[in-house]
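Enquirer: For reference, the file query01.pdb (PDB, C-alpha atoms) is included below:
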```pdb
ATOM      1  CA  MET T   1     -46.583  18.792  -7.997
ATOM      2  CA  ARG T   2     -43.444  19.787  -6.118
ATOM      3  CA  SER T   3     -43.301  23.097  -4.316
ATOM      4  CA  PRO T   4     -40.405  25.451  -5.243
ATOM      5  CA  THR T   5     -38.822  24.697  -1.859
ATOM      6  CA  GLU T   6     -38.969  20.944  -2.456
ATOM      7  CA  SER T   7     -37.480  21.354  -5.945
ATOM      8  CA  LEU T   8     -34.676  23.489  -4.564
ATOM      9  CA  ALA T   9     -34.074  20.979  -1.761
ATOM     10  CA  LYS T  10     -33.857  18.134  -4.244
ATOM     11  CA  LYS T  11     -31.417  20.058  -6.433
ATOM     12  CA  VAL T  12     -29.201  20.898  -3.462
ATOM     13  CA  VAL T  13     -29.177  17.259  -2.332
ATOM     14  CA  VAL T  14     -28.172  16.130  -5.839
ATOM     15  CA  ASP T  15     -25.493  18.826  -5.984
ATOM     16  CA  ILE T  16     -24.132  17.699  -2.617
ATOM     17  CA  ALA T  17     -23.993  14.072  -3.719
ATOM     18  CA  GLU T  18     -22.116  14.982  -6.901
ATOM     19  CA  PHE T  19     -19.774  17.294  -5.047
ATOM     20  CA  GLN T  20     -19.056  14.721  -2.375
ATOM     21  CA  GLU T  21     -18.337  12.060  -4.968
ATOM     22  CA  SER T  22     -15.870  14.330  -6.724
ATOM     23  CA  VAL T  23     -14.018  15.407  -3.593
ATOM     24  CA  ASN T  24     -13.895  12.054  -1.804
ATOM     25  CA  LYS T  25     -10.957  11.118  -4.001
ATOM     26  CA  GLY T  26      -8.655  13.850  -2.771
ATOM     27  CA  MET T  27     -10.276  15.573   0.201
ATOM     28  CA  ALA T  28      -8.376  15.985   3.461
ATOM     29  CA  LEU T  29      -9.864  14.331   6.550
ATOM     30  CA  GLU T  30     -10.451  17.681   8.256
ATOM     31  CA  SER T  31     -12.306  18.995   5.208
ATOM     32  CA  GLN T  32     -14.512  15.915   5.159
ATOM     33  CA  VAL T  33     -15.475  16.437   8.812
ATOM     34  CA  VAL T  34     -16.386  20.070   8.120
ATOM     35  CA  PHE T  35     -18.269  19.064   4.991
ATOM     36  CA  GLN T  36     -20.276  16.402   6.874
ATOM     37  CA  ALA T  37     -21.256  18.966   9.516
ATOM     38  CA  PHE T  38     -22.318  21.383   6.777
ATOM     39  CA  GLU T  39     -24.328  18.656   5.081
ATOM     40  CA  GLN T  40     -26.173  17.833   8.337
ATOM     41  CA  PHE T  41     -26.862  21.532   8.894
ATOM     42  CA  LEU T  42     -28.250  21.881   5.391
ATOM     43  CA  GLU T  43     -30.444  18.783   5.681
ATOM     44  CA  HIS T  44     -31.826  20.010   8.984
ATOM     45  CA  HIS T  45     -32.800  23.416   7.641
ATOM     46  CA  LEU T  46     -34.238  22.108   4.399
ATOM     47  CA  GLU T  47     -36.361  19.558   6.239
ATOM     48  CA  PRO T  48     -36.869  20.532   9.901
ATOM     49  CA  ILE T  49     -37.540  17.612  12.232
ATOM     50  CA  SER T  50     -40.802  19.251  13.345
ATOM     51  CA  ARG T  51     -42.126  18.857   9.789
ATOM     52  CA  GLU T  52     -41.407  15.128   9.739
ATOM     53  CA  TRP T  53     -44.396  13.990  11.780
ATOM     54  CA  ASP T  54     -46.719  14.034   8.782
ATOM     55  CA  ARG T  55     -43.997  12.814   6.401
ATOM     56  CA  PRO T  56     -43.030   9.338   7.639
ATOM     57  CA  ALA T  57     -40.773   8.540   4.679
ATOM     58  CA  VAL T  58     -38.648  11.625   5.377
ATOM     59  CA  ARG T  59     -38.491  10.755   9.055
ATOM     60  CA  PHE T  60     -37.593   7.146   8.249
ATOM     61  CA  LEU T  61     -34.772   8.152   5.883
ATOM     62  CA  ARG T  62     -33.248  10.508   8.446
ATOM     63  CA  LEU T  63     -33.401   7.884  11.207
ATOM     64  CA  LYS T  64     -32.066   5.170   8.893
ATOM     65  CA  ASN T  65     -29.072   7.317   7.956
ATOM     66  CA  GLU T  66     -28.357   8.046  11.621
ATOM     67  CA  TRP T  67     -28.608   4.357  12.465
ATOM     68  CA  LEU T  68     -26.314   3.275   9.611
ATOM     69  CA  ARG T  69     -23.758   5.981  10.394
ATOM     70  CA  ASP T  70     -23.522   5.022  14.061
ATOM     71  CA  THR T  71     -23.779   1.237  13.856
ATOM     72  CA  GLU T  72     -22.047   0.346  10.607
ATOM     73  CA  PHE T  73     -18.898  -0.789  12.437
ATOM     74  CA  LEU T  74     -20.662  -2.751  15.172
ATOM     75  CA  SER T  75     -20.984  -6.532  15.203
ATOM     76  CA  SER T  76     -23.080  -6.654  18.363
ATOM     77  CA  ILE T  77     -26.666  -7.121  17.287
ATOM     78  CA  HIS T  78     -27.703  -5.895  20.718
ATOM     79  CA  GLU T  79     -25.952  -2.557  20.117
ATOM     80  CA  ILE T  80     -27.247  -2.394  16.547
ATOM     81  CA  ILE T  81     -30.919  -2.849  17.443
ATOM     82  CA  LEU T  82     -30.850  -0.786  20.622
ATOM     83  CA  HIS T  83     -29.588   2.322  18.826
ATOM     84  CA  PRO T  84     -31.949   5.263  19.527
ATOM     85  CA  ALA T  85     -32.700   5.842  15.822
ATOM     86  CA  TYR T  86     -33.618   2.165  15.332
ATOM     87  CA  LEU T  87     -35.907   2.316  18.366
ATOM     88  CA  GLN T  88     -37.542   5.467  16.995
ATOM     89  CA  ILE T  89     -38.218   3.653  13.730
ATOM     90  CA  ILE T  90     -39.910   0.878  15.718
ATOM     91  CA  GLY T  91     -41.850   3.602  17.519
ATOM     92  CA  MET T  92     -43.234   4.837  14.190
ATOM     93  CA  GLY T  93     -45.369   1.695  14.171
ATOM     94  CA  PRO T  94     -47.084   0.083  11.126
ATOM     95  CA  VAL T  95     -46.367   3.059   8.864
ATOM     96  CA  ALA T  96     -42.680   2.100   9.033
ATOM     97  CA  VAL T  97     -43.279  -1.431   7.754
ATOM     98  CA  PRO T  98     -43.580  -0.627   4.006
ATOM     99  CA  LEU T  99     -40.599   1.730   4.316
ATOM    100  CA  ILE T 100     -38.491  -1.009   5.908
ATOM    101  CA  ILE T 101     -39.665  -3.574   3.355
ATOM    102  CA  ASN T 102     -38.694  -1.183   0.552
ATOM    103  CA  GLU T 103     -35.268  -0.748   2.165
ATOM    104  CA  LEU T 104     -34.831  -4.512   2.539
ATOM    105  CA  GLN T 105     -35.511  -4.998  -1.168
ATOM    106  CA  VAL T 106     -32.723  -2.609  -2.099
ATOM    107  CA  TYR T 107     -30.190  -2.917   0.739
ATOM    108  CA  PRO T 108     -30.742  -6.007   2.919
ATOM    109  CA  ASP T 109     -29.689  -5.251   6.484
ATOM    110  CA  TYR T 110     -30.647  -6.028  10.076
ATOM    111  CA  TRP T 111     -34.230  -4.728   9.906
ATOM    112  CA  PHE T 112     -35.738  -8.029  11.034
ATOM    113  CA  TRP T 113     -35.943  -7.253  14.722
ATOM    114  CA  ALA T 114     -37.741  -3.958  13.993
ATOM    115  CA  LEU T 115     -40.230  -5.757  11.747
ATOM    116  CA  SER T 116     -40.853  -8.360  14.454
ATOM    117  CA  ALA T 117     -41.260  -5.692  17.116
ATOM    118  CA  ILE T 118     -43.801  -3.744  15.046
ATOM    119  CA  THR T 119     -45.822  -6.640  13.633
ATOM    120  CA  GLY T 120     -45.566  -9.126  16.497
ATOM    121  CA  THR T 121     -44.644 -11.907  14.117
ATOM    122  CA  ASN T 122     -41.476 -13.589  12.884
ATOM    123  CA  PRO T 123     -41.577 -15.545   9.617
ATOM    124  CA  VAL T 124     -37.848 -16.468   9.739
ATOM    125  CA  PRO T 125     -37.205 -20.198  10.316
ATOM    126  CA  LEU T 126     -34.817 -20.828  13.224
ATOM    127  CA  ASP T 127     -32.303 -22.572  10.989
ATOM    128  CA  LYS T 128     -32.027 -19.423   8.831
ATOM    129  CA  LEU T 129     -31.037 -17.068  11.651
ATOM    130  CA  GLY T 130     -28.000 -15.017  10.647
ATOM    131  CA  ASP T 131     -28.465 -15.687   6.916
ATOM    132  CA  ILE T 132     -29.368 -12.159   5.733
ATOM    133  CA  ASP T 133     -30.529 -13.277   2.281
ATOM    134  CA  ALA T 134     -32.797 -15.996   3.661
ATOM    135  CA  MET T 135     -34.136 -13.727   6.435
ATOM    136  CA  THR T 136     -34.828 -10.993   3.887
ATOM    137  CA  GLU T 137     -36.640 -13.409   1.596
ATOM    138  CA  ALA T 138     -38.751 -14.710   4.509
ATOM    139  CA  TRP T 139     -39.893 -11.167   5.330
ATOM    140  CA  LEU T 140     -40.522 -10.230   1.681
ATOM    141  CA  GLU T 141     -42.596 -13.398   1.317
ATOM    142  CA  TRP T 142     -44.518 -12.424   4.454
ATOM    143  CA  TRP T 143     -45.116  -8.929   3.035
ATOM    144  CA  ARG T 144     -46.405 -10.289  -0.277
ATOM    145  CA  ALA T 145     -48.886 -12.497   1.590
ATOM    146  CA  CYS T 146     -50.055 -10.184   4.359
ATOM    147  CA  ASP T 147     -53.009  -7.804   4.439
ATOM    148  CA  LEU T 148     -51.030  -4.961   5.994
ATOM    149  CA  ARG T 149     -49.829  -3.711   2.606
ATOM    150  CA  ASN T 150     -53.414  -2.761   1.747
ATOM    151  CA  GLU T 151     -53.997  -0.772   4.917
ATOM    152  CA  PRO T 152     -54.430   2.974   4.238
ATOM    153  CA  ILE T 153     -51.533   3.873   6.558
ATOM    154  CA  CYS T 154     -49.155   1.699   4.521
ATOM    155  CA  LYS T 155     -50.481   2.899   1.179
ATOM    156  CA  THR T 156     -49.856   6.481   2.272
ATOM    157  CA  ALA T 157     -46.251   5.685   3.221
ATOM    158  CA  ILE T 158     -45.632   3.867  -0.060
ATOM    159  CA  SER T 159     -47.119   6.769  -1.999
ATOM    160  CA  GLU T 160     -44.881   9.248  -0.173
ATOM    161  CA  LEU T 161     -41.837   7.087  -0.793
ATOM    162  CA  ARG T 162     -42.531   7.058  -4.535
ATOM    163  CA  ARG T 163     -42.278  10.854  -4.633
ATOM    164  CA  PHE T 164     -38.523  10.660  -3.904
TER     165      PHE T 164
ATOM    166  CA  MET I 165     -10.677   5.749   0.137
ATOM    167  CA  THR I 166      -9.018   3.739   2.919
ATOM    168  CA  CYS I 167     -10.704   3.245   6.274
ATOM    169  CA  ALA I 168      -8.448   5.818   7.898
ATOM    170  CA  THR I 169      -9.691   8.577   5.592
ATOM    171  CA  ASN I 170     -13.329   7.867   6.452
ATOM    172  CA  PRO I 171     -14.200  10.347   9.266
ATOM    173  CA  SER I 172     -16.639   7.943  10.924
ATOM    174  CA  VAL I 173     -14.025   5.189  11.071
ATOM    175  CA  LYS I 174     -11.472   7.615  12.454
ATOM    176  CA  GLN I 175     -13.821   8.531  15.300
ATOM    177  CA  GLN I 176     -14.500   4.903  16.194
ATOM    178  CA  PHE I 177     -10.933   3.644  15.777
ATOM    179  CA  PRO I 178      -8.485   6.425  16.662
ATOM    180  CA  ASN I 179      -5.470   4.082  16.431
ATOM    181  CA  LEU I 180      -6.214   3.161  12.831
ATOM    182  CA  ASP I 181      -4.049   4.875  10.217
ATOM    183  CA  ASP I 182      -2.707   4.174   6.752
ATOM    184  CA  SER I 183       0.411   2.525   8.168
ATOM    185  CA  ASN I 184      -1.316  -0.175  10.226
ATOM    186  CA  HIS I 185      -4.146  -1.501   8.089
ATOM    187  CA  SER I 186      -5.440  -2.134   4.569
ATOM    188  CA  GLU I 187      -8.929  -2.864   3.244
ATOM    189  CA  THR I 188      -9.348  -6.361   1.825
ATOM    190  CA  SER I 189     -13.025  -6.559   0.864
ATOM    191  CA  PRO I 190     -16.009  -4.420  -0.132
ATOM    192  CA  ARG I 191     -18.723  -3.570   2.417
ATOM    193  CA  SER I 192     -21.066  -6.440   3.231
ATOM    194  CA  PRO I 193     -23.872  -6.725   5.773
ATOM    195  CA  LYS I 194     -24.048 -10.484   5.278
ATOM    196  CA  TYR I 195     -21.508 -11.505   7.935
ATOM    197  CA  ASN I 196     -19.904  -9.942  10.968
ATOM    198  CA  CYS I 197     -16.585 -10.115  12.751
ATOM    199  CA  ILE I 198     -17.418 -13.206  14.820
ATOM    200  CA  ALA I 199     -18.390 -15.107  11.676
ATOM    201  CA  TRP I 200     -15.273 -13.864   9.872
ATOM    202  CA  ALA I 201     -13.010 -14.923  12.757
ATOM    203  CA  ALA I 202     -14.730 -18.316  12.651
ATOM    204  CA  GLY I 203     -14.041 -18.596   8.918
ATOM    205  CA  ASP I 204     -17.693 -18.206   7.872
ATOM    206  CA  SER I 205     -18.584 -15.377   5.466
ATOM    207  CA  SER I 206     -22.123 -16.556   4.768
ATOM    208  CA  ARG I 207     -24.000 -15.369   7.854
ATOM    209  CA  PHE I 208     -24.044 -13.264  11.026
ATOM    210  CA  TRP I 209     -22.843 -14.938  14.250
ATOM    211  CA  TRP I 210     -24.201 -13.596  17.537
ATOM    212  CA  PRO I 211     -25.723 -15.233  20.641
ATOM    213  CA  GLU I 212     -29.205 -13.877  19.855
ATOM    214  CA  TYR I 213     -31.113 -13.012  16.650
ATOM    215  CA  ALA I 214     -28.404 -14.634  14.493
ATOM    216  CA  TYR I 215     -26.520 -17.907  14.095
ATOM    217  CA  TRP I 216     -24.870 -19.326  17.194
ATOM    218  CA  PRO I 217     -23.324 -22.793  17.566
ATOM    219  CA  PRO I 218     -25.862 -25.279  18.955
ATOM    220  CA  ASP I 219     -25.630 -26.081  22.689
ATOM    221  CA  VAL I 220     -23.471 -23.024  23.457
ATOM    222  CA  SER I 221     -24.809 -20.558  26.026
ATOM    223  CA  THR I 222     -26.478 -17.503  24.484
ATOM    224  CA  ASP I 223     -25.505 -15.261  27.398
ATOM    225  CA  LEU I 224     -23.722 -12.142  26.204
ATOM    226  CA  THR I 225     -20.528 -12.992  28.089
ATOM    227  CA  LEU I 226     -16.891 -13.651  27.271
ATOM    228  CA  ASP I 227     -17.357 -17.255  28.444
ATOM    229  CA  SER I 228     -20.076 -17.826  25.823
ATOM    230  CA  PHE I 229     -17.836 -16.506  23.056
ATOM    231  CA  ILE I 230     -14.913 -18.637  24.258
ATOM    232  CA  ALA I 231     -17.232 -21.658  24.269
ATOM    233  CA  ALA I 232     -18.408 -20.836  20.735
ATOM    234  CA  PHE I 233     -14.832 -20.818  19.418
ATOM    235  CA  GLN I 234     -14.055 -24.000  21.397
ATOM    236  CA  THR I 235     -16.615 -25.744  19.163
ATOM    237  CA  LEU I 236     -14.201 -24.954  16.300
ATOM    238  CA  GLY I 237     -11.195 -26.427  18.097
ATOM    239  CA  TYR I 238      -9.763 -23.235  19.615
ATOM    240  CA  GLU I 239      -8.376 -23.204  23.171
ATOM    241  CA  LEU I 240      -7.343 -20.267  25.332
ATOM    242  CA  CYS I 241      -3.729 -19.108  25.065
ATOM    243  CA  ASP I 242      -1.687 -16.316  26.580
ATOM    244  CA  SER I 243      -0.187 -14.315  23.770
ATOM    245  CA  PRO I 244      -0.883 -12.843  20.338
ATOM    246  CA  GLU I 245       2.604 -13.791  19.098
ATOM    247  CA  TYR I 246       2.579 -15.681  15.827
ATOM    248  CA  GLU I 247       3.248 -19.411  16.256
ATOM    249  CA  PRO I 248       3.901 -21.535  13.166
ATOM    250  CA  ASN I 249       1.256 -24.234  12.595
ATOM    251  CA  PHE I 250      -1.313 -22.484  14.805
ATOM    252  CA  GLU I 251      -4.250 -20.174  14.022
ATOM    253  CA  LYS I 252      -5.121 -17.574  16.630
ATOM    254  CA  ILE I 253      -8.113 -15.393  17.347
ATOM    255  CA  ALA I 254      -8.515 -12.410  19.674
ATOM    256  CA  ILE I 255     -11.771 -11.535  21.453
ATOM    257  CA  TYR I 256     -12.444  -7.886  22.338
ATOM    258  CA  THR I 257     -14.688  -6.702  25.155
ATOM    259  CA  LYS I 258     -16.067  -3.346  26.261
ATOM    260  CA  SER I 259     -17.501  -2.921  29.757
ATOM    261  CA  GLY I 260     -17.221  -6.691  30.164
ATOM    262  CA  ARG I 261     -19.294  -7.510  27.075
ATOM    263  CA  PRO I 262     -17.870  -9.073  23.910
ATOM    264  CA  THR I 263     -17.811  -6.674  20.976
ATOM    265  CA  HIS I 264     -15.459  -8.045  18.338
ATOM    266  CA  ALA I 265     -13.159 -10.861  17.252
ATOM    267  CA  ALA I 266     -10.113 -10.836  14.978
ATOM    268  CA  ARG I 267      -8.260 -13.735  13.351
ATOM    269  CA  GLN I 268      -4.503 -13.986  12.884
ATOM    270  CA  LEU I 269      -3.156 -14.467   9.368
ATOM    271  CA  PRO I 270      -0.212 -16.718   8.472
ATOM    272  CA  LYS I 271       2.150 -13.748   8.163
ATOM    273  CA  GLY I 272       1.324 -12.557  11.708
ATOM    274  CA  LEU I 273      -0.995  -9.680  10.823
ATOM    275  CA  TRP I 274      -4.665  -9.861  11.854
ATOM    276  CA  THR I 275      -7.869  -9.776   9.816
ATOM    277  CA  SER I 276     -11.153  -8.241  10.995
ATOM    278  CA  LYS I 277     -14.602  -7.574   9.630
ATOM    279  CA  LEU I 278     -15.719  -4.163  10.878
ATOM    280  CA  GLY I 279     -19.377  -4.794  11.653
ATOM    281  CA  ARG I 280     -21.338  -4.567   8.376
ATOM    282  CA  TYR I 281     -18.525  -2.517   6.816
ATOM    283  CA  VAL I 282     -15.339  -3.889   5.197
ATOM    284  CA  ASP I 283     -12.703  -6.523   6.017
ATOM    285  CA  ILE I 284      -9.280  -5.190   6.900
ATOM    286  CA  GLU I 285      -5.823  -6.537   7.638
ATOM    287  CA  HIS I 286      -4.366  -4.748  10.638
ATOM    288  CA  SER I 287      -1.829  -4.711  13.429
ATOM    289  CA  ILE I 288      -2.961  -6.167  16.737
ATOM    290  CA  ASP I 289      -3.517  -2.848  18.515
ATOM    291  CA  ALA I 290      -5.113  -0.928  15.615
ATOM    292  CA  LEU I 291      -8.722  -1.514  16.697
ATOM    293  CA  ASP I 292      -8.435  -0.682  20.399
ATOM    294  CA  GLY I 293     -10.764   2.211  21.183
ATOM    295  CA  PRO I 294     -14.326   3.334  21.870
ATOM    296  CA  ALA I 295     -16.007   0.971  19.413
ATOM    297  CA  TYR I 296     -14.582  -2.385  20.498
ATOM    298  CA  GLY I 297     -12.784  -1.710  23.778
ATOM    299  CA  THR I 298      -9.720  -3.906  24.275
ATOM    300  CA  ILE I 299      -8.643  -7.505  23.744
ATOM    301  CA  GLU I 300      -9.667  -9.726  26.644
ATOM    302  CA  ALA I 301      -8.771 -13.229  25.412
ATOM    303  CA  TYR I 302      -6.605 -15.028  22.872
ATOM    304  CA  MET I 303      -7.326 -18.512  21.571
ATOM    305  CA  LYS I 304      -5.438 -20.822  19.239
ATOM    306  CA  ARG I 305      -5.871 -24.098  17.365
ATOM    307  CA  PRO I 306      -3.553 -26.229  15.248
ATOM    308  CA  VAL I 307      -3.654 -25.475  11.535
ATOM    309  CA  SER I 308      -5.344 -28.395   9.840
TER     310      SER I 308
END
```
Could you write out this file's structure as structure tokens?

Expert:
Amino acid sequence: MRSPTESLAKKVVVDIAEFQESVNKGMALESQVVFQAFEQFLEHHLEPISREWDRPAVRFLRLKNEWLRDTEFLSSIHEIILHPAYLQIIGMGPVAVPLIINELQVYPDYWFWALSAITGTNPVPLDKLGDIDAMTEAWLEWWRACDLRNEPICKTAISELRRF
Amino acid sequence: MTCATNPSVKQQFPNLDDSNHSETSPRSPKYNCIAWAAGDSSRFWWPEYAYWPPDVSTDLTLDSFIAAFQTLGYELCDSPEYEPNFEKIAIYTKSGRPTHAARQLPKGLWTSKLGRYVDIEHSIDALDGPAYGTIEAYMKRPVS
């Protein structure tokens, strides 16, 4: 059961998404910058960072968005995987694994190094390096076969993710 | 929306505006600028954690990147000027480390993949800035 605050937060986020979609077509650059700052302000006050520690999915989504925003234009894998938000996701430990796997299933991206750093393994064959689809499939195959998915910490993260 | 109206792009590439570039593909995380310059849109190219030509040094240096493009027949040259019957690439560095590569098109403009974002056609100086630094080397090869 959602609290009134959570329901309001969800409604505001949906409203923002719809508003942004409608204005992206004709919005001036300056207005977009102001709007982005407002959006960050709103997100912060609806979901303070201090409340994230017991809500790993919320923390993961915030860090993922930061990482994507700052590294989207970079080709250097070194810069991509050494971004502070990416390192913080690694620092979340095993609880981040099901969240990353869920992300990989929807939007394949360079999550492989984080998965290797957390789990200490690498199921990607050397001749598939750089092939995002093949690397993603190797990690999804690993996830389907591994015991980690049944660990309580991972089940909790998956359960939280399903509430979104 | 063009790249120049995306606030994040504008911050990273202050020289980019509507007059000096156009988007030519949707976003894709499947390949990066080095792969795109090499004519490969199926995978990421980078000295570590991605594809890199066999037997080429994996040091993160300009020399390694030059050596990688030499495996494709490119040799160093002095200028970005368009030369009929040649393909050119430009390698960008920031603080001495390679960051980006662009490939010249037959009409003289350049094409780049912006990280995991979109492909663009652009003028040679449009991408100078905080994200990629500046161009450090040009290479060319005969058009096959």

Enquirer: Can you build me a table of chain I residues sitting at most 7 Å from chain T, with the closest atom pair per residue and its distance in Å to one decimal, using all atoms listed in the file, sorted by chain and residue number, as a tab-separated table?

Expert:
```
residue	atom	partner	partner_atom	distance
I:Met165	CA	T:Lys25	CA	6.8
I:Thr169	CA	T:Leu29	CA	5.8
I:Pro171	CA	T:Val33	CA	6.2
I:Pro193	CA	T:Asp109	CA	6.0
I:Lys194	CA	T:Ile132	CA	5.6
I:Asn196	CA	T:Ser75	CA	5.5
I:Cys197	CA	T:Ser75	CA	6.2
I:Ser206	CA	T:Asp131	CA	6.8
I:Arg207	CA	T:Asp131	CA	4.6
I:Phe208	CA	T:Gly130	CA	4.3
I:Trp209	CA	T:Gly130	CA	6.3
I:Trp210	CA	T:Ile77	CA	6.9
I:Tyr213	CA	T:Leu129	CA	6.4
I:Ala214	CA	T:Gly130	CA	3.9
I:Tyr215	CA	T:Gly130	CA	4.7
I:Thr263	CA	T:Ser76	CA	5.9
I:His264	CA	T:Ser75	CA	6.5
I:Leu278	CA	T:Phe73	CA	4.9
I:Gly279	CA	T:Phe73	CA	4.1
I:Arg280	CA	T:Glu72	CA	5.4
I:Tyr281	CA	T:Phe73	CA	5.9
```

Enquirer: Between CA of Lys64 in chain T and CA of Val173 in chain I, what is the distance in Å, rounded to a tenth?

Expert: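 So the answer is 18.2 Å.
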
Enquirer: How would you write, as a list in words, the residues chosen by the PyMOL selection byres ((chain I and resi 247) around 10) on this structure?

Expert: Ser243, Pro244, Glu245, Tyr246, Pro248, Asn249, Phe250, Glu251, Lys252, Pro270, Lys271, Gly272, Lys304 and Pro306 of chain I

Enquirer: The PyMOL selection byres ((chain T and resi 149) around 12) - which residues does that actually catch in the file I just gave you? List them as a list in words.

Expert: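 With the PyMOL selection byres ((chain T and resi 149) around 12) on this model, the match is Pro94, Val95, Ala96, Val97, Pro98, Leu99, Ile101, Asn102, Leu140, Trp142, Trp143, Arg144, Ala145, Cys146, Asp147, Leu148, Asn150, Glu151, Pro152, Ile153, Cys154, Lys155, Thr156, Ala157, Ile158 and Ser159 of chain T.
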
Enquirer: So which one's closest to Ile253 in chain I, I:Asp181, I:Asp283, I:Glu187, I:Glu300? Using all atoms listed in the file, please.

Expert: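 Closest to Ile253 in chain I of all the choices is I:Glu300.
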